[in-house]
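Step one of this worksheet: look at the structure below.
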Amino acid sequence: MSDPVNVAAVELPVGPALADQRPTDPQLYRRHSAAGEFFRRPTTVLYLVVLAAIVIFCFVGPFFSLNPSATDFPVLAAPNSTNLAGTDSLGRDLLARLMVGGQGSLLVGVSVAVICLTVALLVGGLAGFYGGVADAVLRRVSEFFQVIPSIILALVAVAIIGASLPLIILILGITMWPGVARIVRAECMRIRELGYVESSRAAGFSSFRIFWSDVLPNAFPPVLVATTLTVGRAILAESSLAFLGLGDANRPSWGALLFDAQSYMQTAWWLTLLPGIAIFIVVLSANMLGDALNDSLNPTLGRVK
Amino acid sequence: MNVHWLRYYGRLIGSSVLLIFVVILVMFLLLEIAPGDPIQSLVGQVPVTEEFRRQMTATYGLDRPLFERFVSYVANVATGNLGYSFANREPVTELILQRLGNTLVLTLPSLVISSIGGILLGTAAARTRSKVKDGAISFAAVAGFSIPSFWLALLLIMLFAVSLGWLPAQGMASYGSKGLSVPHLILPLIALAIPELAFKARIMRSTMIGVLGEDYIDTARSKGLSSFEILRRHGLLNSMLPMVSVIGYSLGFTLAGAVTVEKVFGWPGMGMLLYTSIQTGENMVVMGILLVVAITVVIVNILTDLVYGLVDPRIRARSRMSRGVNV
């Protein structure tokens, strides 16, 4: 408050109309870089911390927890000092099973997102930049998945082909990539017409080189957002499958824990409540993180008022 | 309705039929690699002779090559015959149509509630000047579609059926009575509608913010229209455009969500039928349900397109081919 000039500078509203009036002080200017924007928000950092905590809980936790498959506790015990999250119908520690189950869920979320990202960059990129066959293929495949909801197709495919974790990841990847690919396509189509691509072309660079080093990197921000959202969607999809009994029997996921909990809904609330909260928190954090990424990578969006 | 218009819809319907064809083909190939023997699931645990088995295979045409079966299936589908369900001892078409009704009783109100609620909530978030209110609605929206709908269903049952005992948790009506009772509808409807409502509220918010930033809103304001009038005549009308797409598009998601929600509530709908048919390996029923879902979505897409043209005169003026919604 003592320095009126500084206060004015800090509170300067950030909007497209005021962009030219931004202070020339580089220290202040740097704050508006994407990463700066991203980490400046306390909520963003909060969701990052939550996600990191859950990853640590699932992957480091088991070193300190009870044995997740040992059945030597009282059956269906409510949370107590030994079994912090209670036990299941076979007398297994729920806290330890939440950790192991989380490994499955997180693995599915990240792997499916990586598959979607890879295929989407390839097909969506080719479709957007070159058009032609890739564009036709993408359009047909997108239409197909619009007609058959991906989760229903995944349900049938997993039931038929088999419910092992790698297969579930593969099937979810196959059914979920078109959404991401459409975004890549739209971005590449937009960037293809921009000045710097034209100048690269005028400079005589090959079209692959332009695609690889000019178009794809610049298409990346919205794709990153879509990928983040895919993590949440994949975890939700897998939990639905597992809840219907189509999970990997050897690798529990949070959805599978809920599947097991169904018969004990009236007596053991913790079996239903806790795995669901775990799914909810992870998916919510991933979605909020996607939102925050979107806001910081594309500052003009969502601020127009 | 000029020639150009008719040609556009002709092409749209043509490509939709082609799409259904592709759906059948993909499902056929998928079911072909399915392990398990349809004759075995037909005779169950009863031991049968090899001869009887061959006879049955021939009766149901299972010994014919894949392509031949595909062609005859498509021909049957064209006449509305989706095959026969052995477990239910009923033609698949009748079985599905009867279950489809139960699913629509659940999904259509969900579609209406989530659309109206989403539009209202999204508009409220876009209009408010209070950052707290906007932030709260936006957060609730993201939270709403981060909840697994089946888990929400379980929580609702635990709270309102088990603990409080206010509402029934299983089936469409009390045991022994037929038809549909409204109390039975409430919980599944909430479980199905909330994630959809949240999703639509989110889309509506960003759409409305965009619309309210347009010049014609300023013009309307400078003409002296009240803010309610501006919202009603310009804001809502222009926001409806993307919303029509989203609402049409969301039907598929609602049908997909119905699978787990019906399972939780023991709701005898199509999702439940799909679940049990997958479990018992009744491929004809699985195939039939996917086909009915696909046809329903296609019809709704065409209707969405028609509504789009009606709502927006600009679209009538020019031909548009690609208008995908990114969700």
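Chain labels A, B, ... are given in the sequence in which chains occur in the structure tokens; within each chain residues are numbered consecutively from 1, and ligands are likewise numbered from 1 in the order shown.
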Could the residues of chain A that have an atom at most 9 Å from chain B be listed as CSV, each with its closest atom pair and the distance in Å to one decimal, counting only C-alpha atoms and ordered by chain and ascending residue number?
residue,atom,partner,partner_atom,distance
A:Arg140,CA,B:Leu19,CA,8.4
A:Glu143,CA,B:Leu19,CA,7.7
A:Phe144,CA,B:Leu19,CA,6.7
A:Gln146,CA,B:Gly252,CA,7.6
A:Val147,CA,B:Ala294,CA,5.0
A:Ile148,CA,B:Ala294,CA,5.6
A:Pro149,CA,B:Gly252,CA,5.5
A:Ser150,CA,B:Ala256,CA,8.3
A:Ile151,CA,B:Ala256,CA,6.4
A:Ile152,CA,B:Ala256,CA,5.8
A:Leu153,CA,B:Leu290,CA,8.2
A:Leu155,CA,B:Ile278,CA,8.7
A:Val156,CA,B:Ile278,CA,7.1
A:Ala157,CA,B:Leu30,CA,7.2
A:Ala159,CA,B:Ile278,CA,6.7
A:Ile160,CA,B:Ala34,CA,5.0
A:Ile161,CA,B:Ala34,CA,6.5
A:Gly179,CA,B:Asn326,CA,6.8
A:Val180,CA,B:Asn326,CA,8.6
A:Arg182,CA,B:Asn326,CA,7.2
A:Ile183,CA,B:Asn326,CA,7.1
A:Gly232,CA,B:Ser146,CA,7.6
A:Arg233,CA,B:Ser146,CA,8.3
A:Leu236,CA,B:Pro148,CA,6.1
A:Ala237,CA,B:Pro148,CA,8.6
A:Ser239,CA,B:Pro148,CA,7.9
A:Ser240,CA,B:Thr260,CA,6.9
A:Leu241,CA,B:Thr260,CA,8.8
A:Phe243,CA,B:Thr260,CA,8.0
A:Leu244,CA,B:Thr260,CA,7.1
A:Leu258,CA,B:Trp151,CA,8.0
A:Gln262,CA,B:Leu154,CA,8.2
A:Met265,CA,B:Met158,CA,6.8
A:Gln266,CA,B:Val162,CA,6.4
A:Trp269,CA,B:Met158,CA,7.8
A:Thr272,CA,B:Leu154,CA,7.5
A:Leu273,CA,B:Leu155,CA,7.5
A:Gly276,CA,B:Trp151,CA,6.2
A:Ile277,CA,B:Ile147,CA,8.7
A:Ile279,CA,B:Pro148,CA,7.7
A:Phe280,CA,B:Ile147,CA,5.3
A:Ile281,CA,B:Ser146,CA,8.1
A:Val282,CA,B:Ser146,CA,8.6
A:Val283,CA,B:Ser146,CA,5.5
A:Leu284,CA,B:Ser146,CA,5.2
A:Ser285,CA,B:Ser146,CA,8.9
A:Asn287,CA,B:Val142,CA,7.0
A:Met288,CA,B:Val142,CA,7.2
A:Leu301,CA,B:Ser206,CA,8.8
A:Gly302,CA,B:Ser206,CA,6.7
A:Arg303,CA,B:Ile209,CA,8.5
A:Val304,CA,B:Gly213,CA,6.5
A:Lys305,CA,B:Gly213,CA,6.0
Who sits within 12 Å of Leu95 in chain B, only C-alpha atoms, same chain under 6 positions skipped, as a list in words: Asn81, Leu82, Gly83, Tyr84, Ser85, Phe86, Ala87, Asn88, Arg89, Gly101, Asn102, Pro268, Gly269, Met270, Leu273, Leu274, Ser277, Met284, Val285, Val286, Gly288, Ile289 and Val292 of chain B
Length of the CA of Thr230 in chain A to CA of Met243 in chain B vector [Å]: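 Between CA of Thr230 in chain A and CA of Met243 in chain B the gap is 22.1 Å.
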Counting only C-alpha atoms, the option among B:Val244, B:Ala125, B:Met272, B:Leu97 closest to Ile302 in chain B: B:Val244
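Excluding Ala286 in chain A itself and same-chain residues fewer than 6 positions from it, the residues having an atom within 7 Å of it are Thr228, Leu229, Val231 and Gly232 of chain A, counting only C-alpha atoms.
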Nearest to Gly135 in chain B, chosen from B:Leu111, B:Arg202, B:Thr103, B:Gly224, with only C-alpha atoms counted in the distances: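 Checking each candidate against Gly135 in chain B, we get B:Arg202 as the closest.
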Shell of 12 Å around Arg232 in chain B, only C-alpha atoms, local chain residues under 4 positions omitted, as a PyMOL selection string: chain B and resi 120+123+208+212+217+220+225-228+236-240
What does the file look like for those residues with N, CA, C and O atoms, as a PDB file, in the first residue's frame?
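Dumped everything to selection.pdb:
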ATOM      1  N   LEU B 120     -30.348 -22.997 -17.512  1.00  0.00           N
ATOM      2  CA  LEU B 120     -30.582 -22.000 -16.462  1.00  0.00           C
ATOM      3  C   LEU B 120     -29.314 -21.733 -15.653  1.00  0.00           C
ATOM      4  O   LEU B 120     -28.915 -20.589 -15.440  1.00  0.00           O
ATOM      5  N   THR B 123     -26.585 -20.025 -17.711  1.00  0.00           N
ATOM      6  CA  THR B 123     -26.916 -18.618 -17.922  1.00  0.00           C
ATOM      7  C   THR B 123     -26.663 -17.817 -16.652  1.00  0.00           C
ATOM      8  O   THR B 123     -26.098 -16.717 -16.701  1.00  0.00           O
ATOM      9  N   MET B 208     -22.726 -18.642 -23.449  1.00  0.00           N
ATOM     10  CA  MET B 208     -23.424 -17.411 -23.102  1.00  0.00           C
ATOM     11  C   MET B 208     -22.446 -16.263 -22.878  1.00  0.00           C
ATOM     12  O   MET B 208     -22.706 -15.132 -23.280  1.00  0.00           O
ATOM     13  N   LEU B 212     -22.779 -12.878 -24.921  1.00  0.00           N
ATOM     14  CA  LEU B 212     -22.975 -11.587 -24.247  1.00  0.00           C
ATOM     15  C   LEU B 212     -21.851 -10.601 -24.552  1.00  0.00           C
ATOM     16  O   LEU B 212     -21.980  -9.409 -24.294  1.00  0.00           O
ATOM     17  N   ILE B 217     -25.307  -7.327 -28.627  1.00  0.00           N
ATOM     18  CA  ILE B 217     -25.814  -7.175 -27.258  1.00  0.00           C
ATOM     19  C   ILE B 217     -25.666  -5.711 -26.818  1.00  0.00           C
ATOM     20  O   ILE B 217     -26.565  -5.127 -26.219  1.00  0.00           O
ATOM     21  N   ALA B 220     -28.331  -3.778 -28.509  1.00  0.00           N
ATOM     22  CA  ALA B 220     -29.622  -3.954 -27.850  1.00  0.00           C
ATOM     23  C   ALA B 220     -29.685  -3.133 -26.569  1.00  0.00           C
ATOM     24  O   ALA B 220     -30.711  -2.517 -26.260  1.00  0.00           O
ATOM     25  N   LEU B 225     -33.184  -1.746 -24.249  1.00  0.00           N
ATOM     26  CA  LEU B 225     -33.857  -2.968 -23.815  1.00  0.00           C
ATOM     27  C   LEU B 225     -33.441  -3.312 -22.381  1.00  0.00           C
ATOM     28  O   LEU B 225     -32.294  -3.081 -21.991  1.00  0.00           O
ATOM     29  N   SER B 226     -34.377  -3.853 -21.642  1.00  0.00           N
ATOM     30  CA  SER B 226     -34.036  -4.280 -20.291  1.00  0.00           C
ATOM     31  C   SER B 226     -33.126  -5.493 -20.380  1.00  0.00           C
ATOM     32  O   SER B 226     -33.118  -6.199 -21.396  1.00  0.00           O
ATOM     33  N   SER B 227     -32.388  -5.741 -19.312  1.00  0.00           N
ATOM     34  CA  SER B 227     -31.419  -6.828 -19.410  1.00  0.00           C
ATOM     35  C   SER B 227     -32.117  -8.167 -19.555  1.00  0.00           C
ATOM     36  O   SER B 227     -31.596  -9.093 -20.170  1.00  0.00           O
ATOM     37  N   PHE B 228     -33.357  -8.272 -19.021  1.00  0.00           N
ATOM     38  CA  PHE B 228     -34.089  -9.519 -19.205  1.00  0.00           C
ATOM     39  C   PHE B 228     -34.475  -9.701 -20.664  1.00  0.00           C
ATOM     40  O   PHE B 228     -34.360 -10.793 -21.233  1.00  0.00           O
ATOM     41  N   LEU B 236     -30.336 -15.807 -25.136  1.00  0.00           N
ATOM     42  CA  LEU B 236     -30.758 -17.205 -25.140  1.00  0.00           C
ATOM     43  C   LEU B 236     -30.865 -17.748 -26.553  1.00  0.00           C
ATOM     44  O   LEU B 236     -30.413 -18.847 -26.854  1.00  0.00           O
ATOM     45  N   LEU B 237     -31.446 -16.959 -27.436  1.00  0.00           N
ATOM     46  CA  LEU B 237     -31.670 -17.434 -28.801  1.00  0.00           C
ATOM     47  C   LEU B 237     -30.353 -17.799 -29.472  1.00  0.00           C
ATOM     48  O   LEU B 237     -30.227 -18.845 -30.106  1.00  0.00           O
ATOM     49  N   ASN B 238     -29.356 -16.936 -29.302  1.00  0.00           N
ATOM     50  CA  ASN B 238     -28.075 -17.206 -29.954  1.00  0.00           C
ATOM     51  C   ASN B 238     -27.283 -18.298 -29.253  1.00  0.00           C
ATOM     52  O   ASN B 238     -26.476 -18.974 -29.873  1.00  0.00           O
ATOM     53  N   SER B 239     -27.518 -18.462 -27.947  1.00  0.00           N
ATOM     54  CA  SER B 239     -26.818 -19.539 -27.248  1.00  0.00           C
ATOM     55  C   SER B 239     -27.439 -20.888 -27.540  1.00  0.00           C
ATOM     56  O   SER B 239     -26.802 -21.922 -27.391  1.00  0.00           O
ATOM     57  N   MET B 240     -28.708 -20.867 -27.958  1.00  0.00           N
ATOM     58  CA  MET B 240     -29.405 -22.118 -28.207  1.00  0.00           C
ATOM     59  C   MET B 240     -28.730 -22.937 -29.298  1.00  0.00           C
ATOM     60  O   MET B 240     -28.799 -24.152 -29.318  1.00  0.00           O
TER      61      MET B 240
END
Shell of 10 Å around range 200-214 of chain A, only C-alpha atoms, local chain residues under 6 positions omitted, as a list in words: Gly125, Leu126, Phe129, Tyr130, Cys188, Ile191 and Arg192 of chain A
Using C-alpha atoms, can you write the selected residues to a file as a PDB file, in the first residue's frame?
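Contents of again20.pdb, as written:
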ATOM      1  CA  GLY A 125      -2.301 -33.793 -37.430  1.00  0.00           C
ATOM      2  CA  LEU A 126      -2.240 -35.405 -40.850  1.00  0.00           C
ATOM      3  CA  PHE A 129      -2.397 -30.297 -42.139  1.00  0.00           C
ATOM      4  CA  TYR A 130      -2.624 -32.422 -45.258  1.00  0.00           C
ATOM      5  CA  CYS A 188      -3.600 -27.814 -37.396  1.00  0.00           C
ATOM      6  CA  ILE A 191      -2.183 -22.974 -37.916  1.00  0.00           C
ATOM      7  CA  ARG A 192      -1.645 -24.150 -41.490  1.00  0.00           C
TER       8      ARG A 192
END
Which residue of A:Asn294, A:Ala242, A:Ala261, A:Pro222 approaches Leu117 in chain A most closely, using only C-alpha atoms: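 Ranked by minimum distance to Leu117 in chain A, first place goes to A:Pro222.
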